[in-house]
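Chemist: Just my_file00.cif, nothing more (mmCIF, C-alpha atoms):
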```cif
data_data
loop_
_atom_site.label_atom_id
_atom_site.label_comp_id
_atom_site.auth_asym_id
_atom_site.auth_seq_id
_atom_site.Cartn_x
_atom_site.Cartn_y
_atom_site.Cartn_z
CA MET A 1 -28.09 -72.53 -23.13
CA ALA A 2 -30.08 -70.47 -25.66
CA GLY A 3 -31.93 -68.83 -22.76
CA CYS A 4 -28.63 -67.58 -21.37
CA ALA A 5 -27.74 -65.54 -24.49
CA PRO A 6 -29.82 -62.47 -23.47
CA LEU A 7 -28.30 -62.62 -19.98
CA TRP A 8 -24.75 -62.75 -21.36
CA ARG A 9 -25.52 -59.95 -23.81
CA GLY A 10 -26.91 -57.81 -20.99
CA LEU A 11 -23.94 -58.62 -18.80
CA ARG A 12 -21.55 -57.74 -21.61
CA TRP A 13 -23.23 -54.34 -22.08
CA ALA A 14 -23.16 -53.73 -18.34
CA VAL A 15 -19.40 -54.38 -18.34
CA VAL A 16 -18.89 -52.12 -21.38
CA GLY A 17 -20.96 -49.39 -19.73
CA SER A 18 -19.06 -49.72 -16.46
CA LEU A 19 -15.73 -49.51 -18.26
CA ALA A 20 -16.92 -46.40 -20.10
CA VAL A 21 -17.89 -44.75 -16.81
CA VAL A 22 -14.57 -45.67 -15.20
CA GLY A 23 -12.73 -44.38 -18.27
CA LEU A 24 -14.61 -41.08 -18.11
CA LEU A 25 -13.81 -40.71 -14.41
CA VAL A 26 -10.13 -41.40 -15.05
CA LEU A 27 -10.10 -38.86 -17.89
CA LEU A 28 -11.78 -36.23 -15.70
CA LYS A 29 -9.30 -36.95 -12.90
CA ILE A 30 -6.39 -36.52 -15.34
CA LEU A 31 -7.82 -33.23 -16.63
CA TYR A 32 -8.83 -31.98 -13.18
CA PRO A 33 -6.56 -33.63 -10.63
CA LEU A 34 -7.00 -32.96 -6.95
CA ARG A 35 -3.76 -34.17 -5.44
CA TYR A 36 -2.89 -33.00 -1.94
CA GLU A 37 -6.59 -32.65 -1.25
CA ARG A 38 -6.18 -32.94 2.52
CA GLU A 39 -3.63 -30.10 2.61
CA ILE A 40 -5.67 -27.94 0.23
CA ASP A 41 -8.85 -28.47 2.25
CA HIS A 42 -7.08 -27.76 5.55
CA TRP A 43 -5.42 -24.50 4.52
CA ALA A 44 -8.39 -23.32 2.45
CA LYS A 45 -10.64 -23.80 5.47
CA THR A 46 -8.07 -22.19 7.79
CA TYR A 47 -7.82 -19.06 5.63
CA GLY A 48 -11.39 -18.96 4.33
CA VAL A 49 -10.66 -19.66 0.66
CA ASP A 50 -12.67 -21.94 -1.61
CA PRO A 51 -10.57 -25.14 -1.89
CA TYR A 52 -11.52 -25.44 -5.55
CA LEU A 53 -10.03 -22.00 -6.20
CA VAL A 54 -6.81 -23.15 -4.53
CA ALA A 55 -6.86 -26.32 -6.66
CA ALA A 56 -7.37 -24.21 -9.79
CA VAL A 57 -4.38 -22.01 -8.89
CA VAL A 58 -2.23 -25.09 -8.25
CA ARG A 59 -3.36 -26.63 -11.54
CA ALA A 60 -2.58 -23.42 -13.47
CA GLU A 61 0.72 -22.74 -11.70
CA SER A 62 2.33 -26.19 -11.51
CA ARG A 63 -0.04 -28.92 -12.72
CA PHE A 64 0.32 -30.34 -9.19
CA ARG A 65 4.10 -30.82 -9.51
CA PRO A 66 5.62 -29.86 -6.13
CA ARG A 67 9.22 -29.48 -7.33
CA VAL A 68 8.65 -27.22 -10.34
CA VAL A 69 10.53 -23.91 -10.54
CA SER A 70 9.48 -21.15 -12.94
CA HIS A 71 11.79 -19.06 -15.11
CA ALA A 72 11.20 -16.26 -12.57
CA GLY A 73 12.33 -18.50 -9.68
CA ALA A 74 8.86 -19.19 -8.23
CA VAL A 75 8.79 -22.53 -6.44
CA GLY A 76 6.43 -25.42 -5.88
CA LEU A 77 2.76 -26.15 -6.28
CA MET A 78 1.54 -22.58 -5.92
CA GLN A 79 4.66 -20.98 -7.42
CA VAL A 80 5.62 -18.81 -4.46
CA THR A 81 8.71 -16.69 -5.09
CA PRO A 82 11.48 -16.84 -2.48
CA GLU A 83 10.96 -13.15 -1.64
CA THR A 84 7.22 -13.59 -1.19
CA GLY A 85 7.87 -16.74 0.86
CA GLU A 86 10.15 -14.80 3.23
CA TRP A 87 7.53 -12.06 3.61
CA ILE A 88 4.74 -14.59 4.23
CA ALA A 89 6.87 -16.48 6.77
CA ALA A 90 7.46 -13.22 8.65
CA GLU A 91 3.76 -12.28 8.50
CA LEU A 92 2.75 -15.73 9.79
CA GLY A 93 5.51 -15.79 12.44
CA VAL A 94 7.13 -18.93 10.99
CA ASP A 95 10.48 -19.37 12.74
CA GLY A 96 13.40 -20.97 10.93
CA TYR A 97 11.92 -20.52 7.46
CA ARG A 98 14.25 -21.34 4.57
CA THR A 99 13.58 -20.91 0.84
CA GLN A 100 13.81 -24.69 0.31
CA ASP A 101 10.76 -25.02 2.59
CA LEU A 102 8.71 -23.91 -0.43
CA TYR A 103 9.29 -27.39 -1.89
CA ASN A 104 7.37 -28.82 1.05
CA VAL A 105 3.78 -29.40 -0.11
CA THR A 106 2.21 -28.31 3.17
CA VAL A 107 4.29 -25.13 3.46
CA ASN A 108 3.72 -24.19 -0.19
CA ILE A 109 -0.05 -24.70 -0.03
CA ARG A 110 -0.24 -22.88 3.30
CA PHE A 111 1.76 -19.89 2.06
CA GLY A 112 0.05 -19.73 -1.33
CA THR A 113 -3.43 -19.99 0.18
CA TRP A 114 -2.67 -17.37 2.81
CA TYR A 115 -1.28 -15.07 0.12
CA LEU A 116 -4.33 -15.58 -2.09
CA ARG A 117 -6.58 -14.72 0.86
CA THR A 118 -4.51 -11.66 1.72
CA LEU A 119 -4.71 -10.40 -1.87
CA HIS A 120 -8.45 -11.14 -1.92
CA ASP A 121 -8.91 -8.99 1.16
CA ARG A 122 -6.73 -6.18 -0.20
CA VAL A 123 -8.73 -5.94 -3.43
CA GLY A 124 -12.08 -5.83 -1.66
CA GLY A 125 -13.12 -9.44 -2.26
CA ASP A 126 -12.78 -9.39 -6.05
CA VAL A 127 -11.61 -12.91 -6.96
CA GLU A 128 -10.53 -11.98 -10.49
CA ALA A 129 -8.44 -9.08 -9.17
CA ALA A 130 -6.94 -11.30 -6.46
CA VAL A 131 -5.94 -13.93 -9.03
CA THR A 132 -4.50 -11.19 -11.26
CA ALA A 133 -2.47 -9.87 -8.33
CA TYR A 134 -1.39 -13.41 -7.43
CA ASN A 135 0.18 -13.74 -10.87
CA ALA A 136 1.37 -10.19 -11.61
CA GLY A 137 1.79 -8.71 -8.15
CA LEU A 138 -0.37 -6.25 -6.26
CA ALA A 139 1.60 -3.20 -7.48
CA ASN A 140 1.09 -4.27 -11.10
CA LEU A 141 -2.61 -4.84 -10.46
CA ARG A 142 -2.89 -1.29 -9.15
CA ARG A 143 -1.13 -0.02 -12.31
CA PHE A 144 -3.54 -2.05 -14.47
CA GLN A 145 -6.52 -0.66 -12.59
CA ALA A 146 -5.21 2.91 -12.90
CA GLY A 147 -4.78 2.47 -16.65
CA GLU A 148 -1.03 3.06 -16.45
CA ARG A 149 -0.37 -0.15 -18.31
CA GLY A 150 -2.27 -3.10 -19.69
CA VAL A 151 -2.47 -6.59 -18.28
CA SER A 152 0.13 -8.80 -19.93
CA PRO A 153 -1.10 -11.62 -22.19
CA GLU A 154 0.57 -14.10 -19.79
CA THR A 155 -1.41 -12.75 -16.85
CA GLN A 156 -4.64 -12.64 -18.86
CA ALA A 157 -4.15 -16.30 -19.84
CA PHE A 158 -3.34 -17.26 -16.25
CA VAL A 159 -6.45 -15.54 -14.87
CA ALA A 160 -8.63 -17.15 -17.55
CA ARG A 161 -7.18 -20.61 -16.76
CA VAL A 162 -7.70 -20.19 -13.03
CA LEU A 163 -11.25 -18.86 -13.26
CA ALA A 164 -12.30 -21.53 -15.79
CA GLY A 165 -10.58 -24.23 -13.73
CA TRP A 166 -12.27 -22.98 -10.57
CA ALA A 167 -15.68 -23.20 -12.23
CA ASP A 168 -14.88 -26.68 -13.59
CA TYR A 169 -13.60 -27.98 -10.23
CA ARG A 170 -16.67 -26.64 -8.44
CA PHE A 171 -18.97 -28.21 -11.01
CA LEU A 172 -17.29 -31.61 -11.29
CA TYR A 173 -16.37 -32.24 -7.66
CA ARG A 174 -19.75 -31.07 -6.34
CA LEU A 175 -21.83 -33.33 -8.58
CA PRO A 176 -23.64 -35.81 -6.33
CA ILE A 177 -22.38 -39.06 -7.85
CA VAL A 178 -19.55 -38.00 -10.17
CA GLY A 179 -17.99 -35.74 -7.55
CA ALA A 180 -18.00 -38.46 -4.93
CA ALA A 181 -16.49 -40.90 -7.44
CA LEU A 182 -13.79 -38.38 -8.44
CA HIS A 183 -12.79 -38.01 -4.80
CA LEU A 184 -12.30 -41.80 -4.70
CA VAL A 185 -10.10 -42.04 -7.81
CA PRO A 186 -6.65 -42.43 -6.22
CA PHE A 187 -4.50 -40.07 -8.33
#
```
Show this structure as structure tokens.
Modeler:
Amino acid sequence: MAGCAPLWRGLRWAVVGSLAVVGLLVLLKILYPLRYEREIDHWAKTYGVDPYLVAAVVRAESRFRPRVVSHAGAVGLMQVTPETGEWIAAELGVDGYRTQDLYNVTVNIRFGTWYLRTLHDRVGGDVEAAVTAYNAGLANLRRFQAGERGVSPETQAFVARVLAGWADYRFLYRLPIVGAALHLVPF
């Protein structure tokens, strides 16, 4: 039995180490969730947007809560306003669109991703400017760029959260072992 003590000690440390790794993965998944990954990947690929940028926008806008409504009336995961939703639906040729469709995860991610791509194209491929326009509107971005007015603290904070989140998502989810494990964590 005395010869088994080192084996049990080693086994105990292996269990403790495994629990620590699992705990770290759960913590990372809580801090950087990737819910609706299939929808994000599909629409990001369809519209040529980095899926981790889309995830960062969703995280900053709604913390992955599909039914959230902002004080300004923006709806869903990507916080699309009803007016913007109507415009996007018309641009995409979506028949029968209704404002409540923005609560649908697939519709919201599709519209938000398309809008992000459209803004990206309109600002010449500048991701920071596109994210600024996503939050403040393209007309406000143009005013900021022309020096007519400054970027609001809310917009500055939003852009900083999205860009930092994008970098973090890209880093964490692309790591060879950790990234693969994060994709497997179910929430």
Chemist: Kindly assemble as a tab-separated table a list of the stretch 56-96 of chain A residues that lie within 9 Å of stretch 15-38 of chain A, each paired with its nearest atom pair and their distance in Å to one decimal, using all atoms listed in the file, sorted first by chain and then by ascending residue number.
Modeler:
```
residue	atom	partner	partner_atom	distance
A:Ala56	CA	A:Tyr32	CA	8.6
A:Arg59	CA	A:Pro33	CA	7.8
A:Arg63	CA	A:Pro33	CA	8.3
A:Phe64	CA	A:Arg35	CA	6.7
```
Chemist: To verify the selection step, state as a list of chain:residue names which residues the PyMOL selection byres ((chain A and resi 161) around 12) yields on this input.
Modeler: A:Leu53, A:Ala55, A:Ala56, A:Val57, A:Val58, A:Arg59, A:Ala60, A:Glu61, A:Arg63, A:Glu128, A:Val131, A:Thr132, A:Asn135, A:Glu154, A:Thr155, A:Gln156, A:Ala157, A:Phe158, A:Val159, A:Ala160, A:Val162, A:Leu163, A:Ala164, A:Gly165, A:Trp166, A:Ala167, A:Asp168, A:Tyr169
Chemist: Expand the PyMOL selection byres ((chain A and resi 90-102) around 12) into the explicit residue set it covers here, and present it as a PyMOL selection string.
Modeler: chain A and resi 47+66-69+73-89+103-112+114-115+118
Chemist: As an exercise, work out the distance from atom CA of A:Pro186 to atom CA of A:Ile40 in Å and give it to one decimal place.
Modeler: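 According to the coordinates, atom CA of A:Pro186 and atom CA of A:Ile40 are separated by 15.9 Å.
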Chemist: Using all atoms listed in the file, which of the listed residues (A:Ala72, A:Ile177, A:Leu184, A:Ala5) sits closest to A:Ala136?
Modeler: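 Looking at the shortest contact to A:Ala136, the residue is A:Ala72.
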Chemist: How many Å lie between atom CA of A:Leu141 and atom CA of A:Val49, rounded to one decimal?
Modeler: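 Spanning atom CA of A:Leu141 to atom CA of A:Val49 is a straight-line distance of 20.2 Å.
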Chemist: With all atoms listed in the file as the counted atoms, please give the residues lying no more than 7 Å from A:Thr113, apart from itself and same-chain residues fewer than 6 positions off, as a list in words.
Modeler: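 The contact residues come out as Trp43, Ala44 and Val54 of chain A.
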